[in-house]
Amino acid sequence: MLETKYDHKRVEKGKYENWKEKGYFKSGDTTKKPFCIVIPPPNVTGKLHLGHAWDTSIQDVLIRYKRMCGYDALWLPGMDHAGIATQAKVDRKLREEGMDPRSMDREEWLKKAWAWKDEYASNIHDQWATLGLSLDYTKERFTLDEGLSEAVRKVFVHLYEEGLIYRGERIINWDPEAMTALSNEEVIYKDVEGAFYHLKYFIEGSDEYLEVATTRPETLFGDTAVAVNPNDERYKHLIGKNVILPILNEKIPVVGDEHADMEFGTGVVKITPAHDPNDFEVGNRHNLERKIIMNPNGTMNALCGEKYDGMDRFACREAVVKDLEEQGILIRIEKITHNVGHSERTDVMVEPYLSKQWFVRMRPLADAVLENQKNKDTKVNFWPSRFEKIMNHWMEITYDWCISRQLWWGHRIPAWYRGEEVYVGVEEPKGEGWIQDEDVLDTWFSSALWPFSTLGWPEGNELIERYYPNNCLVTGYDIIPFWVNRMTFQGLHFTGKRPFEDCIIHGLIRDKEGRKMSKSLGNGVDPMDVIEAYGADALRYYLTTEVSAGMDLKYDEDKVKSTWNFINKLWNASRFVLLNIENLSEEEFTLDGLKEEDEWILSKLNKAISDTRKYLDKYEFNNAGASLYNFIWNDFCDNYIEMAKFSADDVVTKSTLYHVLSSVIRAISPFMPYVSEEIYTMMPFKKCDSIMIDEYPTYSKEYDFDTKDVDDMLEFVRLFRTFKLENGVGKEFYIEYNSKAHYRIITNLLKLDGKTEGQKGNASYDVIYKEYSISVFFNKDDSSSIDAAKKRISELEDSIARRKKLLSNENYTSKAPQDIVLKDRQKLQEEEAELEKLRTA
RNA sequence: GAGUGAUUAGCUCAGCUGGUUAGAGCGCCACGUUGACAUCGUGGAGGUCGUAGGUUCGAGUCCUAUAUUGCUCACCA
C-alpha cells in the first residue's frame, strides 16, 4: 500500500529500465498513424543543463501524449559531434595531460576525440534516462555516423555541382585561438572599451597630411590605400596622389570611394583589404593589393617589419602607438566604446581575415524558403507564430555561408587537389597524387540534414516515407538562425519538402534574477541535482507548465518544491481512493445510478479532459497543466473526495473514484510518467501492463451533466464557512433548516449532524444562498458584530444597480450579442431574488 | 539604426477570437490536527492591468503615441 508521503526516489527507481526492456519506447507499428519528432542533438561536449531538460521534457510530454492517443510515436535520439566546441575541450584536456594537441598526428588525435565522445555520450544517456525520456534507442544516430557522413558528402557534392558551393578567397571571421574560420552566427558582438587613434598620413612630397582615425592602428601595415569620398570638397583634389604610410614609409594611393562617409570622423579611411570586409570590397573596386600581415595564431608576420614580426596583435598595438607617438604621427587618442566580435566558443576577439574557404551560395536557397513560407500547406508552422518572422528576416538578409573549418573533428571536406586540379566527389578520386582538403565542415552543415539524414536519407526507404517530414521540432528561439533555418532550406532543397510541419519554440532558462545561466556567473543549475531533491516528475511538470509558449523561464527552486507538493497531493488522493476501492472488481464496477455529486465530478472531469486535450493539441502545455492541476486539487481533492467520504461503501461511489483516478493519472502521465505509473500499477484492475501504453482519456458525452445544483450547494457551503469564521461561531451552535431544499451534501460537508438539538444561543443569523437557507443560533456577548448579512446585502445592491444600469442602456441591449444580454437578465433576477430573501429573513 | 517580445497582487506568472465584479502558485493574516495529505484544511487581505490618447454599447485584450526593459539582426572606419 502507498506510504503517507510521496517518495520520489522510491517511485522513480527502476521504472525506466523496465519500460526500455519491455520495448515501450520502440516505434514501428505500421497499423497506426505515424508521429515523429527528432531530438535536437545535444553536443557531446558535456553535461545536459536545465535548458536541455526543458526542451526534452516538452518533447517527451508530446510524444507520450501522442503514443497514448494511438499514434506510432517515434522520438529519434542522437547527438552532435559539435566540431569546434568538442575540439576545444579535447585540446584542453590533452594540454592538461601534458600533450600538445597540435603536434599530434591527426589520426592519433581523432582516437582521443572518439574516446571523449564515448565517455560523454554515456553521461548523456544516463541523464536522458533519469529524466524519463521515451526515446526510441533502436534508431539512435550520431552526426559522424557512416550513414550521416555519406549524406553530408552527397549534399556537398550535389550543391557543388549545382554551383551552390564554391571555394573562394574572402574576408571571414577568424578565431586566432582555435585557428579556424567561423560563420557569422558563431560571432558574438560585445561592447568593449577602445579608442580612435587619430594619425597623420603625410601627402607625398608635402608637409600636409590627412588625418586618419582608426580603432586598430596595428593593421596599418596592411594598408594599401587611403579612401576619401569622391564628392568630398575637402579632399577631392588629393585623389590619385599618394600618402606615406607611417612606420613602413611606403607610398600608398588616395582613392575616391563611396565607402568613405563624409559625415563620419575626419572623412578619411585607411584601407586594409586583407583585414576588413568593407576594405576588401573597396580593394576590389580599386584593384588594391591584399596584404596579409598576421599569422593564423594572431601574431604579426614579417610584412610588419623585423621589430613587430611575431608580436601578439594586442602587444603590437601598444608598441605601434608608442612608436607613432614618438614619431609625432599620433594626433590624439579618443576613448570610445564599440562593438567587437568575439568567438562564441573561445571568447577571443575575432579577426577579420582574408582566407581561402568554402562557401554556400545562400541567395537561391533562402529565396526558396521565403517562397515556400507563402504556401500554408507546405510551410513550416511556428508555435507561437511570431517566430516565423525571425526565420524570414534571416532568409532575407543572409549572405554566403562559410562552411569550412580548420579543425580535425568533423566531416572532412570531400574535395581533393592535385596541382591546379580540383576534384569534388562522394568517393576518393582514382589515380595518384590526389590530396584531400585538410579542413572539415561546419557542424551545422551536418545538423542541417538531421531531420532526414537520421532516417536513412539519401537511401529512399520506408523510414523516410513514413516519418518525413517530421511532425514537430522543439527548440529554443536562440537556435532558429543556427539550425532551424538551415534545416529548412536544406530540407526543401534536397527532399522537396519542409523538414517538419510544426516548429515549437520555447524560451531561455534564466536564473531567479533573470540573468542567463552561464559558467562564468556560476549560476547554473544541474538538472540532476534538482531531480535528486524533488524527482524528475516535479522538474518535468514545472518546466513544461511554468510559462506560456515562447517565453523565458526564470528558474525558481521554490516552485519545483510546490510542484512536489502537488504530486504529494495527487499521491495522497490516490491513497484515499485505493484504500476505499481495494476490493472493487471489474465485474462490480458500474456507473449506473450516479448520485448528483458523482455526476458533478464526472462532468468536471469531462471538462478537464477536453480542455487538456485541446491545449496539448495547440502545444499550450502551461494551460494543459493548469487545467489538470485545478481539476485534481480543487474539484477532485477539495470537493469530490470530501463528498465521497460519506458514501464510501457505495459501489457507485467506488466506481466513480476509480474512474476519475484512472482518468486523471492517464491524463497527467505524459508530464509525470513515474508517479502515474506507480499509482497505475496499484489500481485493482487495469487494461495494460503500463500506463504509458494505455489510452489517453477522452471526453465522453454520456457523462456530461448539468452541475448547477451541486455548484450552488458548494457555494452555500463556502458562505456558511465564511460566516462562521468571521463571526467566531466556534463549535457550539444550533441550526434550523428554513427551506425544503435537500441538504444532504451540505449537512455532510459542514458536519451539521446533531446541530439541530441542544441549546439555542442568544445570537442568530441566517445564511442564505439561492434556495438554501439555514438559521444559526450561537452564543455571543456582542451580537451587534454580526454584519455578514449587511455586507452581502450591500454587495448585492451594488451589483443589481450596476446591472440595471447596463440593461437600461439601449446601445448595449441592441448591439451586444443576445445570449450575453440574456445572461445578464437572468443574473439580475437571481440577485434580486436573493436580496429579497435576505431582507425578509 | 531595424525587427521583435515584456510591463497585470509583495514575488513568479496565466488571462483564447474585446463581454459583466481580472485569476493561480508562493508569500502574508486569522482559525483549525474530523481516519488521503500539516509537504494539509478553511476563510481572508492584497491589483485604477507602465503612461497618455483613440475605436467601441463595452478595452488587461484592438489602434496610435510614449516610457522602461529584454532579445535578435545590422552597424561607422
# chains A, B, ... in the order shown; residues from 1 in each chain; ligands from 1

$ interface_residues --of "chain B" --to "chain A" --cutoff "9 Å" --atoms "only C-alpha atoms (C1' of nucleotides)" --output "list of chain:residue names"
B:G3, B:U4, B:G5, B:U12, B:C13, B:A14, B:G19, B:U20, B:U21, B:A24, B:G25, B:C26, B:A30, B:C31, B:A36, B:C37, B:U39, B:C40, B:G41, B:U42, B:G43, B:G44, B:C57, B:G58, B:U72, B:C73, B:C75, B:C76, B:A77

$ residues_around --residues "segment 175-188 of chain A" --least-positions-apart "4" --cutoff "6 Å" --atoms "only C-alpha atoms (C1' of nucleotides)" --output "ChimeraX atom specification"
/A:296-298,341-344,350,402,405-406

$ residues_around --residues "A67 of chain B" --least-positions-apart "2" --cutoff "12 Å" --atoms "only C-alpha atoms (C1' of nucleotides)" --output "list in words"
U7, G50, U51, A52, A65 and U69 of chain B

$ residues_around --residues "G60 of chain B" --least-positions-apart "3" --cutoff "8 Å" --atoms "only C-alpha atoms (C1' of nucleotides)" --output "PyMOL selection string"
chain B and resi 8+22+49

$ residues_around --residues "Asn381 of chain A" --least-positions-apart "4" --cutoff "8 Å" --atoms "only C-alpha atoms (C1' of nucleotides)" --output "ChimeraX atom specification"
/A:385,388,501-503

$ write_last_selection --atoms "N, CA, C and O atoms" --output "PDB file, in the first residue's frame"
ATOM      1  N   SER A 385       3.371  31.694 -33.575  1.00  0.00           N
ATOM      2  CA  SER A 385       3.607  32.012 -34.973  1.00  0.00           C
ATOM      3  C   SER A 385       4.570  33.180 -35.179  1.00  0.00           C
ATOM      4  O   SER A 385       5.169  33.308 -36.236  1.00  0.00           O
ATOM      5  N   GLU A 388       8.094  32.950 -36.850  1.00  0.00           N
ATOM      6  CA  GLU A 388       8.332  32.804 -38.283  1.00  0.00           C
ATOM      7  C   GLU A 388       9.073  34.035 -38.816  1.00  0.00           C
ATOM      8  O   GLU A 388       9.887  33.944 -39.734  1.00  0.00           O
ATOM      9  N   GLU A 501       6.502  19.814 -39.964  1.00  0.00           N
ATOM     10  CA  GLU A 501       5.301  20.621 -40.154  1.00  0.00           C
ATOM     11  C   GLU A 501       5.234  21.746 -39.126  1.00  0.00           C
ATOM     12  O   GLU A 501       4.943  22.890 -39.439  1.00  0.00           O
ATOM     13  N   ASP A 502       5.481  21.380 -37.872  1.00  0.00           N
ATOM     14  CA  ASP A 502       5.358  22.353 -36.790  1.00  0.00           C
ATOM     15  C   ASP A 502       6.699  22.546 -36.099  1.00  0.00           C
ATOM     16  O   ASP A 502       7.406  21.578 -35.842  1.00  0.00           O
ATOM     17  N   CYS A 503       6.991  23.777 -35.797  1.00  0.00           N
ATOM     18  CA  CYS A 503       8.221  24.083 -35.075  1.00  0.00           C
ATOM     19  C   CYS A 503       7.825  24.776 -33.774  1.00  0.00           C
ATOM     20  O   CYS A 503       7.335  25.905 -33.789  1.00  0.00           O
TER      21      CYS A 503
END
